[in-house]
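What follows is one structure encoded as structure tokens, with my remarks underneath.
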Amino acid sequence: MLNLLRSEWYKLLRNRSFWLLLSLLFVSAASYVLLNYFDDPNDGGALSGTTGLDMLTAALGGNNYIIKIGLSVLAGFYISGEYATGTIKRAVASGYSRAMYITAKMIVFIFGSMLAALVFPVVNLALGAMLFGLGEIQGVSETGFILKSFALTLAFAAAFGAVTGAIATLLTDSGKTIGFAFVFYFFADGLYVMAGRHLPFIKTLYEHSIFNLINHYADPKMSAARFAESLYVPALVAIAFAAVAVAVFIRKEIK
Amino acid sequence: MNEFVLRTHQLTKQYKSQTALDRVDLSIRQGTIYGFIGQNGAGKSTLMKLVTGLAFPTSGTVELFGSTGSAELVKARKRMGVSIENPALYPLLTASENLEAHRLQQGIPGRETVKRTLELVGLSGTGRKKARNFSLGMKQRLALGVALLGSPEFLILDEPTNGLDPMGVVEMRDLLTKLNREMGITILISSHILSELHLLATHYGIIHKGKLLEQLTSRELQEKCRQFIHIKVDRPERAAAVIERELSTTAFEVTNDGSIRLFAYLDRPATVSAALVGEGLALEQFMPMGEDLESYFTSRIGGGEHA
């Protein structure tokens with residue numbers, strides 16, 4: 001297993017989409033902070049009302065989309081790309097069980113997703129704090145908020161990474177994976193809400209799903225119960241969808 | 001030690017209504033080069049996919065190094081190197097990075113293995129060039145390098161000479177011969193270039209429409225590729241009668257175009273020509289000929305179709 005993880009990690013570090021995604025997120029985050037810094041309507045220096053924590057809160061709101069879009073593209077190229085190049089054939093015939101191979105791939109992909117998801121909030125917080133100062137949120141511990149934010153970012157990235165990874169394993173084609181994941185993520189909320197109007201259990205399901213929880217994870221005053229739920233639900237989703245990917249892959253014929 | 005590297009027992013693969021492989025019993029002995037011959041869609045790649053675990057059999061079994069259970073087969077595949085259909089490479093990685101990714105996956109110690117393999121397949125000078133910019137021949141060589149990296153005992157190569165220039169074909173043949181003779185690697189190879197396969201293989205399997213028609217050694221093939229005297233005369237019926245009466249043999253056949261294939265008197269052609277000319281027949285063509293792998297294959301699958 002360790003060999004598979006090392007090999008997958010080696011490939012991820014040489015994946016152009018991964019570095020492009022990280023670079024884009026870094027540049028976007030830095031630009032966002034700098035635009036805020038120079039966005040003074042009186043043309044006279046930095047805004048005084050914005051702080052590093054404000055930038056972090058804003059970044060977490062935007063990260064919702066980054067996690068969904070960015071990871072879809074990464075999954076398309078990192079997982080489905082193996083089918084397009086045919087390298088998946090070599091991997092399957094390499095003397096490791098299919099379950100072991102896809103588990104290693106999913107672990108590395110989820111880990112890469114978590115790294116990518118951290119870039120936007122971390123750069124926003126770090127650069128924001130350097131330019132505006134860290135700031136404070138009334139009634140909330142700054143360190144606690146920062147740690148909670150990063151923990152939730154990692155949890156949601158893992159969950160969406162696993163869902164996207166399972167989609168990529170199922171569809172096998174980069175274009176289809178990216179397209180389907182985009183459409184699915186953008187319409188998931190609407191579909192849930194619409195179905196929830198007629199079926200109450202769907203409404204309850206949606207309220208506790210990663211699709212709804214991620215919309216509220218930037219709330220600095222999140223209750224302890226909500227925080228716990230926002231941690232364990234994504235963790236369970238990540239495990240469940242990694243298992244789905246394994247179940248799909250061990251039955252799949254490689255063409 | 002197991003005498004057979006690979007054996008399949010009644011191996012069948014059905015895709016909906018189409019039977020891609022039909023009860024195939026194939027055996028490959030250790031140390032041989034097994035040339036797998038068949039038309040496009042005959043079932044060559046399907047069999048290779050079943051052996052390598054890319055697809056699952058509808059019925060029948062695969063026995064690799066004596067192992068048949070699914071977990072044992074997975075383990076046995078560690079002793080195998082594979083290149084099926086197109087060369088499977090990471091296009092944005094260099095030759096060395098492609099090999100390194102595979103080396104890490106297989107847990108092969110020592111980075112120098114990568115360097116040695118690059119030298120072995122003649123790609124040590126490719127430097128930072130990405131695999132996507134390689135010619136098809138270079139890709140084929142790199143795919144072979146990847147397959148060789150784990151020092152496999154059994155190589156499965158699907159059309160490894162595709163895209164190679166004539167020099168490349170010769171180099172590939174020499175390399176495979178060397179791997180077989182010096183390192184004792186058993187090779188299952190499919191190729192459309194039957195003349196090339198003829199120079200390489202020690203054993204053959206002919207597959208047609210999913211059925212394994214025949215397995216034979218190169219010696220058996222030589223015996224079956226019958227030599228004959230090709231005779232073209234103005235009156236073939238008269239010539240046939242002369243051969244029967246004067247030469248006392250029925251070992252001949254008259255083909256559709258009126259020429260005669262005489263399978264006897266191969267060492268005494270002058271006797272044959274003298275008998276025919278003595279009866280007043282005009283010899284238009286008279287020469288020794290023989291079937292090669294291509295014509296044998298064509299006749300075996302029923303003629304008129306090509307590999």
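Please note that chains go A, B, ... in the order of the structure tokens, that every chain numbers its residues from 1, and that ligands are numbered from 1 in the order shown.
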
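Inside region 169-257 of chain B, the residues DSSP reads as strand (DSSP E or B) when given the backbone are Thr186, Ile187, Leu188, Ile189, Ser190, His203, Tyr204, Gly205, Ile206, Ile207, His208, Lys211, Leu212, Leu213, Glu214, Gln215, Leu216, Thr217, Gln227, Phe228, Ile229, His230, Ile231, Lys232, Val233, Phe252, Glu253 and Val254 of chain B.
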
Take the residues that were just selected and, keeping N, CA and C atoms, output them as a PDB file, in the first residue's frame.
```
ATOM      1  N   THR B 186       9.572 -15.360 -20.660  1.00  0.00           N
ATOM      2  CA  THR B 186       8.563 -15.921 -21.552  1.00  0.00           C
ATOM      3  C   THR B 186       7.769 -14.750 -22.131  1.00  0.00           C
ATOM      4  N   ILE B 187       7.460 -14.817 -23.407  1.00  0.00           N
ATOM      5  CA  ILE B 187       6.793 -13.672 -24.045  1.00  0.00           C
ATOM      6  C   ILE B 187       5.537 -14.132 -24.794  1.00  0.00           C
ATOM      7  N   LEU B 188       4.452 -13.430 -24.538  1.00  0.00           N
ATOM      8  CA  LEU B 188       3.235 -13.596 -25.346  1.00  0.00           C
ATOM      9  C   LEU B 188       3.129 -12.323 -26.174  1.00  0.00           C
ATOM     10  N   ILE B 189       3.177 -12.482 -27.479  1.00  0.00           N
ATOM     11  CA  ILE B 189       3.221 -11.303 -28.341  1.00  0.00           C
ATOM     12  C   ILE B 189       2.210 -11.434 -29.472  1.00  0.00           C
ATOM     13  N   SER B 190       1.481 -10.358 -29.708  1.00  0.00           N
ATOM     14  CA  SER B 190       0.602 -10.369 -30.870  1.00  0.00           C
ATOM     15  C   SER B 190       1.145  -9.353 -31.857  1.00  0.00           C
ATOM     16  N   HIS B 203       6.566 -20.498 -30.670  1.00  0.00           N
ATOM     17  CA  HIS B 203       5.268 -21.171 -30.646  1.00  0.00           C
ATOM     18  C   HIS B 203       4.217 -20.211 -31.209  1.00  0.00           C
ATOM     19  N   TYR B 204       3.156 -20.777 -31.717  1.00  0.00           N
ATOM     20  CA  TYR B 204       2.100 -19.949 -32.285  1.00  0.00           C
ATOM     21  C   TYR B 204       0.734 -20.397 -31.784  1.00  0.00           C
ATOM     22  N   GLY B 205      -0.166 -19.425 -31.703  1.00  0.00           N
ATOM     23  CA  GLY B 205      -1.567 -19.723 -31.448  1.00  0.00           C
ATOM     24  C   GLY B 205      -2.372 -18.950 -32.474  1.00  0.00           C
ATOM     25  N   ILE B 206      -3.263 -19.632 -33.161  1.00  0.00           N
ATOM     26  CA  ILE B 206      -4.068 -18.953 -34.181  1.00  0.00           C
ATOM     27  C   ILE B 206      -5.497 -18.845 -33.663  1.00  0.00           C
ATOM     28  N   ILE B 207      -5.972 -17.630 -33.572  1.00  0.00           N
ATOM     29  CA  ILE B 207      -7.314 -17.402 -33.044  1.00  0.00           C
ATOM     30  C   ILE B 207      -8.170 -16.762 -34.133  1.00  0.00           C
ATOM     31  N   HIS B 208      -9.390 -17.221 -34.219  1.00  0.00           N
ATOM     32  CA  HIS B 208     -10.295 -16.688 -35.241  1.00  0.00           C
ATOM     33  C   HIS B 208     -11.712 -16.671 -34.686  1.00  0.00           C
ATOM     34  N   LYS B 211     -12.318 -18.234 -31.336  1.00  0.00           N
ATOM     35  CA  LYS B 211     -11.936 -19.639 -31.105  1.00  0.00           C
ATOM     36  C   LYS B 211     -10.446 -19.820 -31.380  1.00  0.00           C
ATOM     37  N   LEU B 212      -9.795 -20.552 -30.513  1.00  0.00           N
ATOM     38  CA  LEU B 212      -8.379 -20.861 -30.734  1.00  0.00           C
ATOM     39  C   LEU B 212      -8.340 -22.045 -31.690  1.00  0.00           C
ATOM     40  N   LEU B 213      -7.965 -21.758 -32.933  1.00  0.00           N
ATOM     41  CA  LEU B 213      -8.027 -22.804 -33.953  1.00  0.00           C
ATOM     42  C   LEU B 213      -6.908 -23.817 -33.789  1.00  0.00           C
ATOM     43  N   GLU B 214      -5.731 -23.316 -33.408  1.00  0.00           N
ATOM     44  CA  GLU B 214      -4.582 -24.210 -33.398  1.00  0.00           C
ATOM     45  C   GLU B 214      -3.451 -23.619 -32.573  1.00  0.00           C
ATOM     46  N   GLN B 215      -2.685 -24.492 -31.906  1.00  0.00           N
ATOM     47  CA  GLN B 215      -1.447 -24.076 -31.271  1.00  0.00           C
ATOM     48  C   GLN B 215      -0.360 -24.969 -31.846  1.00  0.00           C
ATOM     49  N   LEU B 216       0.741 -24.405 -32.228  1.00  0.00           N
ATOM     50  CA  LEU B 216       1.802 -25.227 -32.803  1.00  0.00           C
ATOM     51  C   LEU B 216       3.170 -24.593 -32.563  1.00  0.00           C
ATOM     52  N   THR B 217       4.178 -25.428 -32.597  1.00  0.00           N
ATOM     53  CA  THR B 217       5.545 -24.923 -32.430  1.00  0.00           C
ATOM     54  C   THR B 217       6.035 -24.442 -33.798  1.00  0.00           C
ATOM     55  N   GLN B 227       6.299 -27.380 -48.784  1.00  0.00           N
ATOM     56  CA  GLN B 227       7.040 -26.954 -49.967  1.00  0.00           C
ATOM     57  C   GLN B 227       6.471 -27.719 -51.167  1.00  0.00           C
ATOM     58  N   PHE B 228       6.511 -27.079 -52.336  1.00  0.00           N
ATOM     59  CA  PHE B 228       5.989 -27.753 -53.532  1.00  0.00           C
ATOM     60  C   PHE B 228       6.645 -27.183 -54.781  1.00  0.00           C
ATOM     61  N   ILE B 229       6.431 -27.896 -55.880  1.00  0.00           N
ATOM     62  CA  ILE B 229       6.897 -27.355 -57.166  1.00  0.00           C
ATOM     63  C   ILE B 229       5.684 -26.748 -57.850  1.00  0.00           C
ATOM     64  N   HIS B 230       5.839 -25.470 -58.157  1.00  0.00           N
ATOM     65  CA  HIS B 230       4.739 -24.762 -58.819  1.00  0.00           C
ATOM     66  C   HIS B 230       4.906 -24.944 -60.327  1.00  0.00           C
ATOM     67  N   ILE B 231       3.857 -25.502 -60.948  1.00  0.00           N
ATOM     68  CA  ILE B 231       3.937 -25.797 -62.391  1.00  0.00           C
ATOM     69  C   ILE B 231       2.773 -25.125 -63.104  1.00  0.00           C
ATOM     70  N   LYS B 232       3.117 -24.361 -64.137  1.00  0.00           N
ATOM     71  CA  LYS B 232       2.052 -23.771 -64.959  1.00  0.00           C
ATOM     72  C   LYS B 232       2.302 -24.232 -66.394  1.00  0.00           C
ATOM     73  N   VAL B 233       1.304 -24.934 -66.955  1.00  0.00           N
ATOM     74  CA  VAL B 233       1.453 -25.464 -68.317  1.00  0.00           C
ATOM     75  C   VAL B 233       0.253 -25.071 -69.159  1.00  0.00           C
ATOM     76  N   PHE B 252      -0.263 -34.129 -55.475  1.00  0.00           N
ATOM     77  CA  PHE B 252      -0.318 -32.818 -56.146  1.00  0.00           C
ATOM     78  C   PHE B 252      -1.753 -32.315 -56.113  1.00  0.00           C
ATOM     79  N   GLU B 253      -1.888 -31.025 -56.401  1.00  0.00           N
ATOM     80  CA  GLU B 253      -3.234 -30.471 -56.521  1.00  0.00           C
ATOM     81  C   GLU B 253      -3.260 -29.454 -57.646  1.00  0.00           C
ATOM     82  N   VAL B 254      -4.419 -29.382 -58.290  1.00  0.00           N
ATOM     83  CA  VAL B 254      -4.595 -28.395 -59.363  1.00  0.00           C
ATOM     84  C   VAL B 254      -5.391 -27.241 -58.752  1.00  0.00           C
TER      85      VAL B 254
END
```

Enumerate as a CSV table (one decimal) with all heavy atoms, in the first residue's frame the residues belonging to chain B that approach chain A to within 9 Å, with only C-alpha atoms taken into account.
```csv
chain,number,residue,atom,x,y,z
B,49,LYS,N,-6.6,-9.2,-22.0
B,49,LYS,CA,-7.3,-8.4,-20.9
B,49,LYS,C,-7.7,-9.4,-19.8
B,49,LYS,O,-7.7,-9.0,-18.6
B,49,LYS,CB,-8.5,-7.6,-21.5
B,49,LYS,CG,-8.0,-6.4,-22.2
B,49,LYS,CD,-9.2,-5.7,-22.8
B,49,LYS,CE,-8.8,-4.4,-23.5
B,49,LYS,NZ,-9.9,-3.8,-24.2
B,51,VAL,N,-6.3,-12.2,-19.0
B,51,VAL,CA,-5.1,-12.7,-18.3
B,51,VAL,C,-4.6,-11.6,-17.4
B,51,VAL,O,-4.1,-11.9,-16.3
B,51,VAL,CB,-4.0,-13.1,-19.3
B,51,VAL,CG1,-2.7,-13.4,-18.6
B,51,VAL,CG2,-4.5,-14.3,-20.1
B,52,THR,N,-4.6,-10.3,-17.8
B,52,THR,CA,-4.1,-9.3,-17.0
B,52,THR,C,-5.1,-8.7,-16.0
B,52,THR,O,-4.7,-7.8,-15.2
B,52,THR,CB,-3.6,-8.1,-17.9
B,52,THR,OG1,-4.7,-7.8,-18.8
B,52,THR,CG2,-2.4,-8.5,-18.8
B,53,GLY,N,-6.3,-9.2,-16.0
B,53,GLY,CA,-7.3,-8.8,-15.0
B,53,GLY,C,-8.0,-7.5,-15.3
B,53,GLY,O,-8.7,-7.0,-14.5
B,54,LEU,N,-7.9,-7.1,-16.6
B,54,LEU,CA,-8.6,-5.8,-17.0
B,54,LEU,C,-10.1,-6.2,-17.2
B,54,LEU,O,-10.9,-5.3,-17.1
B,54,LEU,CB,-8.0,-5.3,-18.3
B,54,LEU,CG,-6.6,-4.9,-18.2
B,54,LEU,CD1,-6.1,-4.3,-19.5
B,54,LEU,CD2,-6.3,-3.8,-17.1
B,55,ALA,N,-10.4,-7.4,-17.6
B,55,ALA,CA,-11.8,-7.8,-17.8
B,55,ALA,C,-12.0,-9.1,-17.1
B,55,ALA,O,-11.0,-9.8,-16.7
B,55,ALA,CB,-12.0,-7.9,-19.3
B,56,PHE,N,-13.2,-9.5,-16.9
B,56,PHE,CA,-13.5,-10.7,-16.1
B,56,PHE,C,-14.1,-11.8,-17.1
B,56,PHE,O,-15.0,-11.4,-17.9
B,56,PHE,CB,-14.5,-10.4,-15.0
B,56,PHE,CG,-14.1,-9.2,-14.2
B,56,PHE,CD1,-14.7,-8.0,-14.2
B,56,PHE,CD2,-13.0,-9.3,-13.4
B,56,PHE,CE1,-14.3,-6.9,-13.5
B,56,PHE,CE2,-12.5,-8.2,-12.6
B,56,PHE,CZ,-13.2,-7.0,-12.7
B,71,ALA,N,-7.2,-14.0,-5.7
B,71,ALA,CA,-6.2,-13.4,-4.9
B,71,ALA,C,-4.8,-13.8,-5.4
B,71,ALA,O,-3.9,-13.0,-5.5
B,71,ALA,CB,-6.4,-13.7,-3.5
B,73,LEU,N,-4.1,-14.9,-8.3
B,73,LEU,CA,-3.8,-14.4,-9.7
B,73,LEU,C,-3.2,-13.0,-9.6
B,73,LEU,O,-2.3,-12.6,-10.3
B,73,LEU,CB,-5.1,-14.4,-10.5
B,73,LEU,CG,-5.4,-15.6,-11.3
B,73,LEU,CD1,-6.7,-15.5,-12.0
B,73,LEU,CD2,-4.3,-15.9,-12.3
B,74,VAL,N,-3.8,-12.2,-8.7
B,74,VAL,CA,-3.4,-10.8,-8.5
B,74,VAL,C,-1.9,-10.8,-8.1
B,74,VAL,O,-1.1,-10.1,-8.6
B,74,VAL,CB,-4.2,-10.1,-7.3
B,74,VAL,CG1,-3.5,-8.8,-6.9
B,74,VAL,CG2,-5.6,-9.8,-7.9
B,75,LYS,N,-1.5,-11.7,-7.2
B,75,LYS,CA,-0.1,-11.8,-6.8
B,75,LYS,C,0.8,-12.3,-7.9
B,75,LYS,O,1.9,-11.8,-8.1
B,75,LYS,CB,0.0,-12.9,-5.6
B,75,LYS,CG,0.1,-12.3,-4.3
B,75,LYS,CD,0.5,-13.4,-3.3
B,75,LYS,CE,-0.1,-13.0,-1.9
B,75,LYS,NZ,-0.1,-14.1,-1.0
B,76,ALA,N,0.3,-13.3,-8.7
B,76,ALA,CA,1.1,-13.8,-9.8
B,76,ALA,C,1.3,-12.7,-10.8
B,76,ALA,O,2.4,-12.8,-11.5
B,76,ALA,CB,0.3,-15.0,-10.4
B,77,ARG,N,0.4,-11.8,-10.9
B,77,ARG,CA,0.6,-10.7,-11.9
B,77,ARG,C,1.8,-9.8,-11.6
B,77,ARG,O,2.2,-9.0,-12.5
B,77,ARG,CB,-0.7,-9.9,-12.1
B,77,ARG,CG,-1.8,-10.6,-12.8
B,77,ARG,CD,-3.0,-9.8,-13.1
B,77,ARG,NE,-4.0,-10.7,-13.7
B,77,ARG,CZ,-5.2,-10.9,-13.1
B,77,ARG,NH1,-5.5,-10.4,-11.9
B,77,ARG,NH2,-6.0,-11.8,-13.6
B,78,LYS,N,2.3,-9.9,-10.4
B,78,LYS,CA,3.5,-9.1,-10.0
B,78,LYS,C,4.7,-9.6,-10.8
B,78,LYS,O,5.7,-8.9,-11.0
B,78,LYS,CB,3.8,-9.3,-8.5
B,78,LYS,CG,3.2,-8.2,-7.7
B,78,LYS,CD,4.0,-8.0,-6.4
B,78,LYS,CE,3.4,-6.9,-5.6
B,78,LYS,NZ,3.6,-5.5,-6.1
B,79,ARG,N,4.6,-10.9,-11.3
B,79,ARG,CA,5.7,-11.5,-12.1
B,79,ARG,C,5.6,-11.3,-13.6
B,79,ARG,O,6.3,-11.9,-14.4
B,79,ARG,CB,5.7,-13.0,-11.8
B,79,ARG,CG,6.0,-13.3,-10.3
B,79,ARG,CD,5.6,-14.7,-9.9
B,79,ARG,NE,6.5,-15.7,-10.5
B,79,ARG,CZ,6.3,-17.0,-10.4
B,79,ARG,NH1,5.3,-17.5,-9.6
B,79,ARG,NH2,7.1,-17.9,-10.9
B,80,MET,N,4.7,-10.3,-13.9
B,80,MET,CA,4.4,-10.2,-15.3
B,80,MET,C,4.6,-8.7,-15.7
B,80,MET,O,4.4,-7.8,-14.9
B,80,MET,CB,2.9,-10.5,-15.4
B,80,MET,CG,2.3,-10.8,-16.6
B,80,MET,SD,0.6,-11.3,-16.3
B,80,MET,CE,-0.3,-9.8,-16.0
B,81,GLY,N,5.0,-8.5,-17.0
B,81,GLY,CA,5.1,-7.1,-17.5
B,81,GLY,C,4.1,-7.0,-18.6
B,81,GLY,O,3.9,-8.0,-19.4
B,82,VAL,N,3.4,-5.9,-18.8
B,82,VAL,CA,2.3,-5.8,-19.7
B,82,VAL,C,2.4,-4.5,-20.6
B,82,VAL,O,2.7,-3.4,-20.1
B,82,VAL,CB,1.0,-5.8,-18.9
B,82,VAL,CG1,-0.2,-5.5,-19.8
B,82,VAL,CG2,0.8,-7.0,-18.1
B,83,SER,N,2.1,-4.7,-21.8
B,83,SER,CA,1.8,-3.5,-22.7
B,83,SER,C,0.7,-3.9,-23.6
B,83,SER,O,0.9,-4.6,-24.6
B,83,SER,CB,3.0,-3.1,-23.5
B,83,SER,OG,2.7,-2.0,-24.3
B,84,ILE,N,-0.5,-3.4,-23.3
B,84,ILE,CA,-1.7,-3.8,-24.1
B,84,ILE,C,-2.3,-2.7,-24.9
B,84,ILE,O,-2.4,-1.6,-24.4
B,84,ILE,CB,-2.8,-4.4,-23.2
B,84,ILE,CG1,-2.3,-5.7,-22.6
B,84,ILE,CG2,-4.1,-4.6,-23.9
B,84,ILE,CD1,-3.3,-6.4,-21.7
B,85,GLU,N,-2.5,-2.9,-26.2
B,85,GLU,CA,-3.1,-1.9,-27.1
B,85,GLU,C,-2.1,-0.8,-27.2
B,85,GLU,O,-0.9,-1.0,-27.4
B,85,GLU,CB,-4.5,-1.5,-26.7
B,85,GLU,CG,-5.4,-2.7,-27.0
B,85,GLU,CD,-6.8,-2.5,-26.5
B,85,GLU,OE1,-7.1,-1.7,-25.7
B,85,GLU,OE2,-7.7,-3.3,-27.0
B,86,ASN,N,-2.5,0.5,-27.0
B,86,ASN,CA,-1.6,1.6,-27.2
B,86,ASN,C,-0.6,1.7,-26.0
B,86,ASN,O,-0.9,1.3,-24.9
B,86,ASN,CB,-2.4,2.9,-27.2
B,86,ASN,CG,-3.4,2.8,-28.3
B,86,ASN,OD1,-3.1,2.4,-29.4
B,86,ASN,ND2,-4.6,3.3,-28.0
B,87,PRO,N,0.6,2.2,-26.3
B,87,PRO,CA,1.5,2.4,-25.2
B,87,PRO,C,0.9,3.2,-24.0
B,87,PRO,O,0.5,4.4,-24.3
B,87,PRO,CB,2.7,3.1,-25.8
B,87,PRO,CG,2.5,2.9,-27.3
B,87,PRO,CD,1.1,2.8,-27.5
B,88,ALA,N,0.9,2.6,-22.8
B,88,ALA,CA,0.2,3.3,-21.7
B,88,ALA,C,1.3,4.1,-20.9
B,88,ALA,O,2.0,3.6,-20.2
B,88,ALA,CB,-0.5,2.3,-20.8
B,89,LEU,N,1.3,5.5,-21.2
B,89,LEU,CA,2.3,6.3,-20.6
B,89,LEU,C,1.6,7.6,-20.0
B,89,LEU,O,0.5,8.0,-20.5
B,89,LEU,CB,3.3,6.7,-21.6
B,89,LEU,CG,4.0,5.6,-22.4
B,89,LEU,CD1,4.7,6.1,-23.6
B,89,LEU,CD2,5.0,4.8,-21.5
B,90,TYR,N,2.3,8.2,-19.1
B,90,TYR,CA,1.9,9.5,-18.6
B,90,TYR,C,2.4,10.6,-19.6
B,90,TYR,O,3.6,10.8,-19.6
B,90,TYR,CB,2.3,9.8,-17.2
B,90,TYR,CG,1.7,8.8,-16.3
B,90,TYR,CD1,2.5,7.8,-15.7
B,90,TYR,CD2,0.4,8.9,-15.9
B,90,TYR,CE1,1.9,6.8,-14.9
B,90,TYR,CE2,-0.2,8.0,-15.1
B,90,TYR,CZ,0.5,7.0,-14.6
B,90,TYR,OH,0.0,6.0,-13.7
B,91,PRO,N,1.6,11.2,-20.4
B,91,PRO,CA,2.1,12.1,-21.5
B,91,PRO,C,2.9,13.3,-21.0
B,91,PRO,O,3.7,13.7,-21.8
B,91,PRO,CB,0.8,12.5,-22.2
B,91,PRO,CG,-0.3,12.2,-21.3
B,91,PRO,CD,0.1,11.1,-20.4
B,92,LEU,N,2.6,13.8,-19.9
B,92,LEU,CA,3.3,15.0,-19.4
B,92,LEU,C,4.5,14.7,-18.6
B,92,LEU,O,5.1,15.6,-18.1
B,92,LEU,CB,2.3,15.9,-18.6
B,92,LEU,CG,1.1,16.4,-19.4
B,92,LEU,CD1,0.2,17.2,-18.6
B,92,LEU,CD2,1.6,17.3,-20.6
B,93,LEU,N,4.8,13.4,-18.4
B,93,LEU,CA,6.1,13.0,-17.7
B,93,LEU,C,7.1,12.6,-18.7
B,93,LEU,O,6.8,12.2,-19.8
B,93,LEU,CB,5.8,11.9,-16.8
B,93,LEU,CG,4.8,12.0,-15.7
B,93,LEU,CD1,4.8,10.9,-14.7
B,93,LEU,CD2,5.0,13.3,-14.9
B,97,GLU,N,10.7,9.9,-15.7
B,97,GLU,CA,9.6,10.1,-14.7
B,97,GLU,C,8.6,9.0,-14.9
B,97,GLU,O,8.0,8.5,-13.9
B,97,GLU,CB,9.0,11.5,-14.8
B,97,GLU,CG,9.9,12.6,-14.3
B,97,GLU,CD,9.4,14.0,-14.7
B,97,GLU,OE1,8.5,14.1,-15.6
B,97,GLU,OE2,9.8,14.9,-14.1
B,100,GLU,N,10.0,6.1,-13.2
B,100,GLU,CA,10.1,6.3,-11.8
B,100,GLU,C,8.8,6.1,-11.1
B,100,GLU,O,8.7,5.5,-10.0
B,100,GLU,CB,10.7,7.7,-11.5
B,100,GLU,CG,10.8,8.1,-10.0
B,100,GLU,CD,11.8,7.3,-9.3
B,100,GLU,OE1,12.6,6.6,-9.9
B,100,GLU,OE2,11.9,7.4,-8.0
B,101,ALA,N,7.7,6.6,-11.7
B,101,ALA,CA,6.4,6.4,-11.1
B,101,ALA,C,6.1,4.9,-11.0
B,101,ALA,O,5.5,4.4,-10.0
B,101,ALA,CB,5.3,7.1,-12.0
B,102,HIS,N,6.5,4.1,-12.0
B,102,HIS,CA,6.2,2.7,-12.0
B,102,HIS,C,7.2,2.0,-11.0
B,102,HIS,O,6.8,1.1,-10.3
B,102,HIS,CB,6.4,2.1,-13.4
B,102,HIS,CG,5.9,0.7,-13.6
B,102,HIS,ND1,4.6,0.4,-13.4
B,102,HIS,CD2,6.5,-0.4,-13.8
B,102,HIS,CE1,4.4,-0.9,-13.6
B,102,HIS,NE2,5.6,-1.4,-13.8
B,103,ARG,N,8.4,2.5,-10.9
B,103,ARG,CA,9.4,1.9,-10.0
B,103,ARG,C,8.8,2.1,-8.5
B,103,ARG,O,8.9,1.1,-7.7
B,103,ARG,CB,10.7,2.6,-10.1
B,103,ARG,CG,11.8,2.0,-9.2
B,103,ARG,CD,13.1,2.8,-9.3
B,103,ARG,NE,13.0,4.1,-8.5
B,103,ARG,CZ,13.1,4.1,-7.1
B,103,ARG,NH1,13.4,3.0,-6.5
B,103,ARG,NH2,13.0,5.3,-6.5
B,104,LEU,N,8.3,3.3,-8.2
B,104,LEU,CA,7.8,3.5,-6.9
B,104,LEU,C,6.6,2.6,-6.6
B,104,LEU,O,6.4,2.0,-5.5
B,104,LEU,CB,7.3,5.0,-6.7
B,104,LEU,CG,8.5,6.0,-6.7
B,104,LEU,CD1,7.9,7.4,-6.8
B,104,LEU,CD2,9.3,5.9,-5.4
B,105,GLN,N,5.7,2.5,-7.6
B,105,GLN,CA,4.5,1.6,-7.5
B,105,GLN,C,4.9,0.2,-7.2
B,105,GLN,O,4.3,-0.5,-6.4
B,105,GLN,CB,3.7,1.7,-8.8
B,105,GLN,CG,2.4,1.0,-8.6
B,105,GLN,CD,1.7,0.9,-10.0
B,105,GLN,OE1,2.2,0.2,-10.9
B,105,GLN,NE2,0.6,1.6,-10.2
B,106,GLN,N,5.9,-0.3,-7.9
B,106,GLN,CA,6.3,-1.7,-7.7
B,106,GLN,C,7.3,-1.9,-6.5
B,106,GLN,O,7.6,-3.0,-6.2
B,106,GLN,CB,7.0,-2.2,-9.0
B,106,GLN,CG,6.0,-2.3,-10.2
B,106,GLN,CD,4.8,-3.2,-10.0
B,106,GLN,OE1,3.7,-2.7,-9.6
B,106,GLN,NE2,5.0,-4.5,-10.1
B,107,GLY,N,7.7,-0.8,-5.9
B,107,GLY,CA,8.6,-0.9,-4.8
B,107,GLY,C,10.0,-1.5,-5.2
B,107,GLY,O,10.6,-2.2,-4.4
B,147,ALA,N,7.2,-2.1,-18.9
B,147,ALA,CA,6.9,-3.5,-18.6
B,147,ALA,C,8.0,-4.3,-18.1
B,147,ALA,O,7.9,-5.3,-17.3
B,147,ALA,CB,6.4,-4.1,-20.0
```

Atomic separation - CA of Ile301 (chain B) relative to CA of Pro57 (chain B), Å: 24.5 Å

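Note that CA of Tyr32 (chain A) and CA of Leu74 (chain A) are 22.6 Å apart.
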
Close residues, Thr143 (chain A) itself excluded, 12 Å, only C-alpha atoms, min 5 positions apart in chain, as a PyMOL selection string: chain A and resi 53+125+134-137+148-150+220

Residues just named, written with C-alpha atoms as a compact mmCIF listing (two decimals), in the first residue's frame:
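Full text of part_38.txt as output:
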```txt
# COMPACT_ATOMS: atom_id res chain seq x y z
CA LEU A 53 -10.38 37.56 9.92
CA LEU A 125 -5.93 35.12 6.13
CA LEU A 134 -5.63 40.02 12.25
CA GLY A 135 -8.60 41.82 13.79
CA GLU A 136 -11.18 40.33 16.06
CA ILE A 137 -14.72 39.03 16.07
CA LYS A 148 -12.26 25.57 13.22
CA SER A 149 -12.33 27.17 9.77
CA PHE A 150 -9.36 25.17 8.58
CA PRO A 220 -17.89 32.48 13.13
```

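Between CA of Ala59 (chain A) and CA of Leu131 (chain A) the interatomic distance comes to 15.6 Å.
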
Residues flagged alpha helix (DSSP H) by DSSP in region 68-117 of chain A, as a ChimeraX atom specification: /A:68-75,81-85,87-92,98-117
